[in-house]
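> Compact mmCIF, C-alpha atoms, saved as coords_8.txt, coming up:
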# COMPACT_ATOMS: atom_id res chain seq x y z
CA MET X 1076 -22.81 29.86 -15.77
CA PRO X 1077 -24.90 26.93 -17.07
CA GLU X 1078 -27.91 25.88 -15.09
CA GLY X 1079 -27.41 22.90 -12.76
CA GLY X 1080 -24.68 24.06 -10.43
CA ASN X 1081 -21.09 25.08 -10.40
CA PRO X 1082 -18.55 23.68 -12.87
CA GLY X 1083 -17.02 21.39 -10.20
CA GLU X 1084 -20.39 19.73 -9.59
CA MET X 1085 -20.91 19.30 -13.31
CA VAL X 1086 -17.49 17.66 -13.67
CA SER X 1087 -18.30 15.31 -10.78
CA GLN X 1088 -21.66 14.43 -12.34
CA TYR X 1089 -19.99 13.81 -15.70
CA GLU X 1090 -17.33 11.58 -14.13
CA ALA X 1091 -19.97 9.59 -12.23
CA ALA X 1092 -22.04 9.17 -15.41
CA LYS X 1093 -18.92 8.19 -17.39
CA THR X 1094 -17.96 5.61 -14.76
CA GLN X 1095 -21.47 4.12 -14.87
CA TYR X 1096 -21.38 4.15 -18.69
CA ASP X 1097 -18.03 2.33 -18.71
CA LYS X 1098 -19.35 -0.29 -16.25
CA THR X 1099 -22.43 -0.80 -18.40
CA CYS X 1100 -20.29 -1.23 -21.52
CA GLU X 1101 -18.14 -3.80 -19.71
CA ALA X 1102 -21.26 -5.69 -18.59
CA ILE X 1103 -22.62 -5.71 -22.14
CA GLN X 1104 -19.32 -7.00 -23.51
CA TYR X 1105 -19.18 -9.70 -20.83
CA ARG X 1106 -22.70 -10.83 -21.70
CA LYS X 1107 -21.92 -10.88 -25.43
CA THR X 1108 -18.81 -12.97 -24.79
CA ARG X 1109 -20.72 -15.29 -22.47
CA SER X 1110 -23.51 -15.64 -25.03
CA HIS X 1111 -20.97 -16.57 -27.71
CA GLN X 1112 -19.43 -19.17 -25.37
CA MET X 1113 -22.84 -20.66 -24.61
CA ASP X 1114 -23.76 -20.74 -28.31
CA SER X 1115 -20.54 -22.61 -29.04
CA PHE X 1116 -21.24 -24.98 -26.16
CA ILE X 1117 -24.77 -25.70 -27.41
CA ARG X 1118 -23.54 -26.25 -31.00
CA GLU X 1119 -20.95 -28.66 -29.63
CA LEU X 1120 -23.64 -30.61 -27.79
CA TRP X 1121 -25.91 -30.74 -30.85
CA ASP X 1122 -23.02 -32.17 -32.90
CA GLN X 1123 -22.51 -35.01 -30.42
CA GLU X 1124 -23.81 -38.47 -31.09
CA LEU X 1125 -25.12 -40.80 -28.41
CA ILE X 1126 -22.36 -41.25 -25.87
CA LYS X 1127 -21.25 -44.88 -25.71
CA GLU X 1128 -17.80 -44.41 -24.21
CA PHE X 1129 -15.58 -41.70 -22.81
CA ASP X 1130 -15.14 -38.85 -25.28
CA ALA X 1131 -12.27 -36.49 -24.56
CA ARG X 1132 -13.71 -33.85 -26.92
CA LEU X 1133 -17.05 -33.85 -25.10
CA TRP X 1134 -15.31 -33.79 -21.73
CA GLY X 1135 -13.24 -30.81 -22.85
CA SER X 1136 -16.34 -28.99 -24.09
CA LEU X 1137 -18.10 -29.42 -20.73
CA VAL X 1138 -15.43 -29.25 -18.04
CA ASP X 1139 -13.42 -26.13 -17.31
CA PHE X 1140 -11.22 -27.55 -14.56
CA ILE X 1141 -11.05 -30.04 -11.69
CA THR X 1142 -9.83 -29.10 -8.23
CA VAL X 1143 -8.53 -31.73 -5.82
CA TYR X 1144 -8.66 -30.48 -2.25
CA SER X 1145 -8.17 -33.91 -0.69
CA GLU X 1146 -8.80 -37.57 -1.43
CA ASP X 1147 -12.40 -37.09 -0.31
CA ASP X 1148 -12.98 -33.62 -1.77
CA ILE X 1149 -12.69 -33.42 -5.55
CA ARG X 1150 -14.69 -30.75 -7.39
CA VAL X 1151 -15.49 -30.44 -11.07
CA THR X 1152 -16.13 -26.95 -12.43
CA PHE X 1153 -18.01 -26.80 -15.71
CA LYS X 1154 -17.65 -24.14 -18.39
CA ASP X 1155 -20.88 -22.49 -17.24
CA GLY X 1156 -19.41 -22.00 -13.76
CA THR X 1157 -21.37 -24.81 -12.10
CA GLU X 1158 -19.31 -26.73 -9.56
CA ILE X 1159 -20.09 -30.21 -8.30
CA ARG X 1160 -18.36 -32.30 -5.70
CA ALA X 1161 -17.33 -35.64 -7.16
Kindly transcribe the structure held in the file into structure tokens.

Amino acid sequence: MPEGGNPGEMVSQYEAAKTQYDKTCEAIQYRKTRSHQMDSFIRELWDQELIKEFDARLWGSLVDFITVYSEDDIRVTFKDGTEIRA
């Protein structure tokens, strides 16, 4: 029998390590995707000229969605996850 315990313990250790590995891979992929989104966002901002009037393209590159809870509670959520109450 290999050193380190019985086969059941080894299987449990392997499964725990594999689960952690999978979570780490998911976190890395999420960060890569997020980095790509932020790079695109920054490139979009650099391509913008001085804002003189409403620009739907700029608005769309900044704002993810708007939530209306009531007449007095409207929230804007930006692509980076930031939420402000308008």
> Find the spatial neighbours of Phe1153 (chain X), counting only C-alpha atoms, within a cut-off of 8 Å - ignore same-chain residues fewer than 2 positions away - and output them as a PyMOL selection string.
chain X and resi 1137-1140+1151+1155-1158
> Give the answer as one residue: which of X:Lys1107, X:Arg1160, X:Lys1093, X:Arg1132 has the shortest atom-to-atom distance to Glu1119 (chain X), using all atoms listed in the file?
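The answer is X:Arg1132, which sits nearest to Glu1119 (chain X).
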> Measure the distance from CA of Ala1102 (chain X) to CA of Gln1088 (chain X) in Å and round it to one decimal.
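Distance between the two atoms: 21.1 Å.
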> Given all atoms listed in the file as the basis, pick out the residue of X:Glu1146, X:Gln1104, X:Asn1081, X:Leu1133 nearest to Arg1118 (chain X).
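Among the listed residues, X:Leu1133 lies closest to Arg1118 (chain X).
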> X:Ser1136, X:Gln1095, X:Ser1110, X:Cys1100: which is nearest Gln1123 (chain X), counting all atoms listed in the file?
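Ranked by minimum distance to Gln1123 (chain X), first place goes to X:Ser1136.
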> Quick one: pull the distance between CA of Val1143 (chain X) and CA of Ala1161 (chain X), Å, one decimal.
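Those two atoms sit 9.7 Å apart.
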> In Å, rounded to a single decimal, give me how far CA of Phe1129 (chain X) is from CA of Ile1141 (chain X).
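These atoms are spaced 16.7 Å apart.
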